[in-house]
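Structure, as structure tokens:
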Amino acid sequence: MSGFITRALHTQARVKDANGALRMPIYENAAFEFNTAEEIDDVSIGKRVGHVYTRSSNPTVENFESSVKNLTNSLGVIAFSSGMAAISTAILTLVKAGDSVITTKYLFGHTLSFFQNTLSSFGVNVKFVNILDEKEVEKACDTSVKLIFLESISNPQLQVADLKKLSALSHSHNIPLIVDTTATPFYMFDAKRFGVDIEVLSSTKFISGGGTSVGGLIIEYGSFDWKKTENLKPNYSQAGHFAFLHKARKEIFQGLGAVLSPTNAYLQTLGLETMALRIDRACENTLALAVWLQEKREIKNVNYPLLKSSPFYDISKKQFRYAGSILTVELEDKESAYRFMNRLKIIRRATNLHDNKSLIVSPYFVIYPFNSHEEKISLSITPGLMRLSVGIEDMDDLKEDIEQALGS
Ligand SMILES: *Cc1c(COP(=O)(O)O)cnc(C)c1O
């Protein structure tokens with residue numbers, strides 16, 4: 001069984017359902033009962049496999065995690081209540097006060113805020129660099145740096161770094177590479193092959209099956225040797241190769257309580273089954289639409305990494321099956337952009353990404369409301385910029401909707 005879709009459909013549960021249900025049922029309960037007091041001890045200390053309390057583990061959530069693990073051939077997977085919970089847990093597992101991290105400002109708004117405000121206020125030094133400039137990244141690497149973090153395709157600038165080069169650089173300094181692959185989940189991008197040690201993503205987006213529920217994932221590939229990682233010393237002595245997952249799951253995840261609800265795990269497992277089909281369709285729509293939009297004289301600028309005009313065309317071809325389903329279009333100013341968005345009838349005005357429906361939003365006003373105008377301009381986020389997350393609609397309908405909204 002090697003095909004992605006076959007594996008997505010046929011991952012077996014660890015324990016066969018008592019009633020033979022063909023789909024893992026929703027175990028929507030808090031606690032699990034044991035026959036003897038000794039049994040609960042054994043499960044609590046990990047001597048026996050089982051579930052004690054849903055904040056720690058749950059059969060429906062475990063089934064989602066093992067489906068993802070099977071699809072990614074990874075060392076381990078942890079599911080979270082949101083993408084932000086997965087991102088913050090991955091980072092908090094590796095840093096303490098006085099440490100540094102390297103990242104870029106080309107990040108999803110709340111991730112940027114987590115680095116700029118939250119981490120900084122806990123005494124972590126955040127080095128923002130131009131992640132495309134190897135020399136600048138190299139210069140920032142010193143022994144205080146505990147991780148490098150970036151997005152596989154930055155949102156909303158759609159910037160793409162050469163991950164093989166970046167991981168070689170980060171590994172030469174014994175620094176793990178964490179990549180947010182929300183825009184290019186594992187069907188589209190083989191993170192391990194490109195040297196990514198830890199993949200984090202918002203499963204709210206492509207995986208949920210159509211904006212059904214909020215969730216997040218950490219996927220660890222076992223490629224990084226944690227032996228020399230000072231902050232994981234006690235975990236390494238207990239769990240060896242699994243040191244990162246040990247601390248992330250047993251300490252940070254438990255402490256933050258960022259548990260995915262069993263109902264959402266059920267919805268997201270269902271989403272996994274059709275993810276490849278939806279991604280194929282949405283990404284093909286996006287490329288076709290981007291090419292078509294380039295010809296529209298009313299539009300100042302169209303950005304999509306698989307357009308020949310994009311500086312990221314070659315690297316996107318090399319790294320990804322598709323370059324995601326987000327494109328941006330720029331009109332002259334806020335007034336023209338808002339007039340266009342307000343006239344749309346099929347494309348919805350909403351902030352989510354990778355729904356089955358096409359969604360449009362103004363990053364300047366909606367995603368970065370608390371950053372200064374100067375900072376936004378320096379991040380290429382202008383008042384006339386719109387981010388379009390292309391769905392799986394019929395192409396003619398999308399074109400017709402855009403045509404009528406652009407019209408005078
Ligand atoms: C949506 C998103 C997140 C946050 O995920 P949530 O599930 O909303 O917490 C993080 N990174 C990127 C790139 C995103 O698009």
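By convention in this document, the chains of the structure tokens carry letters A, B, ... by their order, each chain's residues are numbered from 1, and ligands are numbered from 1 in the order they are shown.
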
DSSP-assigned alpha helix (DSSP H) members of range 66-233 of chain A, reported as a ChimeraX atom specification: /A:66-72,83-94,109-113,120-121,134-140,163-172,233

If the limit is 10 Å from any atom of ligand 1, counting only C-alpha atoms and all ligand atoms, which residues qualify? Return them as a short mmCIF file (atom, residue, chain, number, x, y, z; two decimals) with C-alpha atoms, in the first residue's frame.
```cif
data_model
loop_
_atom_site.label_atom_id
_atom_site.label_comp_id
_atom_site.auth_asym_id
_atom_site.auth_seq_id
_atom_site.Cartn_x
_atom_site.Cartn_y
_atom_site.Cartn_z
CA PHE A 80 -3.40 20.41 18.55
CA SER A 81 -6.44 22.61 19.06
CA SER A 82 -5.13 25.04 16.40
CA GLY A 83 -2.24 25.80 14.10
CA MET A 84 -1.06 28.50 16.51
CA ALA A 85 -1.00 25.95 19.36
CA ALA A 86 1.21 23.66 17.25
CA ILE A 87 3.55 26.53 16.33
CA SER A 88 3.88 27.89 19.88
CA LEU A 107 5.05 35.31 8.45
CA PHE A 108 1.35 34.76 9.11
CA GLY A 109 0.16 37.70 11.30
CA HIS A 110 -0.33 35.83 14.57
CA THR A 111 2.94 33.93 14.18
CA LEU A 112 4.70 37.26 13.67
CA LEU A 150 9.93 30.03 8.35
CA GLU A 151 6.90 29.26 6.15
CA SER A 152 7.22 27.04 3.06
CA ILE A 153 5.35 29.72 1.09
CA SER A 154 5.04 32.93 3.07
CA ASN A 155 1.58 34.31 3.56
CA PRO A 156 0.68 36.70 1.92
CA VAL A 179 8.84 24.98 8.68
CA ASP A 180 5.17 25.99 8.69
CA THR A 181 3.77 24.06 5.72
CA THR A 182 0.15 25.20 5.97
CA ALA A 183 0.29 26.35 2.33
CA THR A 184 1.92 23.09 1.15
CA VAL A 200 4.11 22.52 11.79
CA LEU A 201 0.84 23.33 10.11
CA SER A 202 -2.67 24.58 10.55
CA SER A 203 -4.94 21.63 9.80
CA THR A 204 -7.82 24.13 9.81
CA LYS A 205 -6.88 24.83 6.20
CA PHE A 206 -6.44 22.04 3.60
CA SER A 208 -10.11 20.00 7.65
CA SER A 213 -12.87 22.94 12.22
CA VAL A 214 -9.76 24.51 13.73
CA GLY A 215 -6.70 22.31 14.39
CA GLY A 216 -2.92 22.05 14.12
CA LEU A 217 -0.14 19.50 13.76
CA THR A 351 -10.19 35.29 6.29
CA ASN A 352 -9.76 31.53 6.17
CA LEU A 353 -7.53 29.67 3.67
CA HIS A 354 -7.94 26.47 1.66
#
```

Coordinates-based distance that separates CA of Pro311 in chain A from CA of Gly384 in chain A (Å, one decimal): 21.4 Å

Atomic separation - CA of Leu169 in chain A relative to CA of Asn130 in chain A, Å: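 Between CA of Asn130 in chain A and CA of Leu169 in chain A the gap works out to 14.4 Å.
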
Please identify all polymer residues within 12 Å of Asn29 in chain A, counting only C-alpha atoms, omitting same-chain residues fewer than 3 positions from it, and present them as an mmCIF file with N, CA and C atoms, in the first residue's frame.
```cif
data_model
loop_
_atom_site.group_PDB
_atom_site.id
_atom_site.type_symbol
_atom_site.label_atom_id
_atom_site.label_comp_id
_atom_site.auth_asym_id
_atom_site.auth_seq_id
_atom_site.Cartn_x
_atom_site.Cartn_y
_atom_site.Cartn_z
ATOM 1 N N PRO A 25 -15.047 5.975 15.648
ATOM 2 C CA PRO A 25 -16.116 6.810 16.209
ATOM 3 C C PRO A 25 -15.567 8.014 16.982
ATOM 4 N N ILE A 26 -16.438 8.941 17.285
ATOM 5 C CA ILE A 26 -16.031 10.107 18.073
ATOM 6 C C ILE A 26 -16.126 9.739 19.548
ATOM 7 N N PHE A 32 -11.286 7.835 31.137
ATOM 8 C CA PHE A 32 -11.424 6.415 30.794
ATOM 9 C C PHE A 32 -11.312 5.592 32.081
ATOM 10 N N GLU A 33 -12.111 4.531 32.148
ATOM 11 C CA GLU A 33 -12.189 3.739 33.375
ATOM 12 C C GLU A 33 -11.325 2.476 33.263
ATOM 13 N N HIS A 51 -5.582 4.984 27.246
ATOM 14 C CA HIS A 51 -5.972 6.380 27.441
ATOM 15 C C HIS A 51 -6.490 6.556 28.860
ATOM 16 N N VAL A 52 -6.119 7.684 29.463
ATOM 17 C CA VAL A 52 -6.527 7.968 30.838
ATOM 18 C C VAL A 52 -7.472 9.163 30.880
ATOM 19 N N TYR A 53 -7.077 10.224 30.141
ATOM 20 C CA TYR A 53 -7.787 11.497 30.219
ATOM 21 C C TYR A 53 -7.609 12.210 28.887
ATOM 22 N N THR A 54 -8.652 12.770 28.327
ATOM 23 C CA THR A 54 -8.626 13.271 26.952
ATOM 24 C C THR A 54 -7.657 14.440 26.721
ATOM 25 N N ARG A 55 -7.304 15.205 27.759
ATOM 26 C CA ARG A 55 -6.294 16.246 27.518
ATOM 27 C C ARG A 55 -4.954 15.614 27.147
ATOM 28 N N SER A 57 -4.583 12.112 25.946
ATOM 29 C CA SER A 57 -4.758 11.340 24.714
ATOM 30 C C SER A 57 -6.188 10.809 24.653
ATOM 31 N N ASN A 58 -6.602 10.475 23.441
ATOM 32 C CA ASN A 58 -7.991 10.078 23.193
ATOM 33 C C ASN A 58 -7.989 9.221 21.924
ATOM 34 N N PRO A 59 -8.808 8.168 21.848
ATOM 35 C CA PRO A 59 -8.751 7.275 20.677
ATOM 36 C C PRO A 59 -9.001 7.978 19.337
ATOM 37 N N THR A 60 -9.943 8.919 19.286
ATOM 38 C CA THR A 60 -10.259 9.581 18.014
ATOM 39 C C THR A 60 -9.119 10.498 17.588
ATOM 40 N N VAL A 61 -8.526 11.176 18.575
ATOM 41 C CA VAL A 61 -7.403 12.067 18.276
ATOM 42 C C VAL A 61 -6.179 11.229 17.884
ATOM 43 N N SER A 261 -10.165 18.723 20.035
ATOM 44 C CA SER A 261 -11.354 18.022 20.516
ATOM 45 C C SER A 261 -11.589 16.782 19.648
ATOM 46 N N PRO A 262 -12.120 15.695 20.222
ATOM 47 C CA PRO A 262 -12.365 14.480 19.450
ATOM 48 C C PRO A 262 -13.265 14.719 18.234
ATOM 49 N N THR A 263 -14.248 15.591 18.362
ATOM 50 C CA THR A 263 -15.122 15.866 17.207
ATOM 51 C C THR A 263 -14.323 16.492 16.074
#
```

Within 9 Å of range 358-363 of chain A using only C-alpha atoms, minus same-chain residues under 3 positions, as an MDAnalysis selection string: chainID A and resid 109 156 334 337:338 341 346:355 366:369 381:393 398

Strand (DSSP E) per DSSP on the backbone: members of range 32-251 of chain A, as a ChimeraX atom specification: /A:76-80,100-103,125-128,145-151,177-180,198-202,216-220

Contact residues around range 300-309 of chain A with only C-alpha atoms at 9 Å, ignoring same-chain residues under 4 positions, as a ChimeraX atom specification: /A:153,157-160,286-287,290-291,293-294,296,313-317,322-332,385

Dump of N, CA and C atoms for the selected residues, as a compact mmCIF listing (two decimals), in the first residue's frame:
```txt
# COMPACT_ATOMS: atom_id res chain seq x y z
N ILE A 153 5.69 28.60 1.99
CA ILE A 153 5.35 29.72 1.09
C ILE A 153 4.80 30.80 2.01
N GLN A 157 2.96 37.15 1.09
CA GLN A 157 3.88 37.60 0.01
C GLN A 157 4.21 36.49 -0.98
N LEU A 158 3.98 35.22 -0.56
CA LEU A 158 4.25 34.07 -1.41
C LEU A 158 5.75 33.97 -1.77
N GLN A 159 6.56 34.21 -0.75
CA GLN A 159 8.01 34.10 -0.88
C GLN A 159 8.41 32.64 -0.60
N VAL A 160 9.36 32.12 -1.38
CA VAL A 160 9.76 30.72 -1.23
C VAL A 160 11.28 30.63 -1.05
N THR A 286 -5.96 27.49 -9.30
CA THR A 286 -5.18 28.68 -8.94
C THR A 286 -4.23 29.08 -10.07
N LEU A 287 -3.53 28.09 -10.61
CA LEU A 287 -2.59 28.41 -11.68
C LEU A 287 -3.34 28.96 -12.90
N ALA A 290 -4.47 32.48 -12.13
CA ALA A 290 -3.36 33.43 -12.07
C ALA A 290 -2.94 33.83 -13.49
N VAL A 291 -2.84 32.84 -14.38
CA VAL A 291 -2.45 33.12 -15.76
C VAL A 291 -3.48 34.03 -16.42
N LEU A 293 -5.63 36.08 -14.90
CA LEU A 293 -5.67 37.40 -14.26
C LEU A 293 -4.57 38.33 -14.75
N GLN A 294 -3.43 37.71 -15.14
CA GLN A 294 -2.31 38.51 -15.64
C GLN A 294 -2.69 39.35 -16.86
N LYS A 296 -5.52 40.83 -17.34
CA LYS A 296 -6.53 41.86 -17.04
C LYS A 296 -5.86 43.21 -16.81
N TYR A 313 9.69 30.88 -9.22
CA TYR A 313 9.19 29.85 -10.13
C TYR A 313 10.06 28.58 -10.07
N ASP A 314 11.38 28.73 -10.26
CA ASP A 314 12.26 27.56 -10.33
C ASP A 314 12.29 26.78 -9.03
N ILE A 315 12.42 27.49 -7.93
CA ILE A 315 12.52 26.80 -6.65
C ILE A 315 11.18 26.13 -6.27
N SER A 316 10.07 26.76 -6.67
CA SER A 316 8.76 26.16 -6.38
C SER A 316 8.58 24.87 -7.16
N LYS A 317 9.01 24.90 -8.44
CA LYS A 317 8.94 23.70 -9.28
C LYS A 317 9.73 22.56 -8.65
N TYR A 322 2.67 21.31 -6.23
CA TYR A 322 2.04 22.55 -6.70
C TYR A 322 2.51 23.66 -5.77
N ALA A 323 2.37 24.90 -6.18
CA ALA A 323 2.79 25.99 -5.29
C ALA A 323 1.61 26.57 -4.52
N GLY A 324 0.74 25.70 -4.04
CA GLY A 324 -0.35 26.15 -3.18
C GLY A 324 -1.52 26.72 -3.95
N SER A 325 -2.53 27.15 -3.21
CA SER A 325 -3.74 27.67 -3.86
C SER A 325 -4.05 29.09 -3.42
N ILE A 326 -3.00 29.83 -3.07
CA ILE A 326 -3.19 31.25 -2.74
C ILE A 326 -2.53 32.08 -3.83
N LEU A 327 -3.24 33.08 -4.29
CA LEU A 327 -2.60 34.07 -5.15
C LEU A 327 -2.98 35.44 -4.62
N THR A 328 -2.19 36.44 -4.97
CA THR A 328 -2.58 37.79 -4.56
C THR A 328 -2.76 38.65 -5.81
N VAL A 329 -3.70 39.57 -5.71
CA VAL A 329 -3.87 40.56 -6.77
C VAL A 329 -3.84 41.94 -6.13
N GLU A 330 -3.28 42.88 -6.85
CA GLU A 330 -3.17 44.21 -6.31
C GLU A 330 -3.89 45.20 -7.21
N LEU A 331 -4.73 46.01 -6.60
CA LEU A 331 -5.36 47.10 -7.32
C LEU A 331 -4.72 48.40 -6.83
N GLU A 332 -5.11 49.51 -7.44
CA GLU A 332 -4.43 50.78 -7.21
C GLU A 332 -4.42 51.21 -5.74
N LEU A 385 -3.79 45.50 -1.82
CA LEU A 385 -3.47 44.08 -2.01
C LEU A 385 -4.62 43.20 -1.51
```

Shell of 10 Å around Arg278 in chain A, only C-alpha atoms, local chain residues under 3 positions omitted, as a list in words: Phe206, Ile207, Gly209, Gly210, Gly271, Leu272, Glu273, Thr274, Met275, Arg281, Ala282, Cys283, Glu284, His354, Asp355, Asn356, Gly391 and Ile392 of chain A
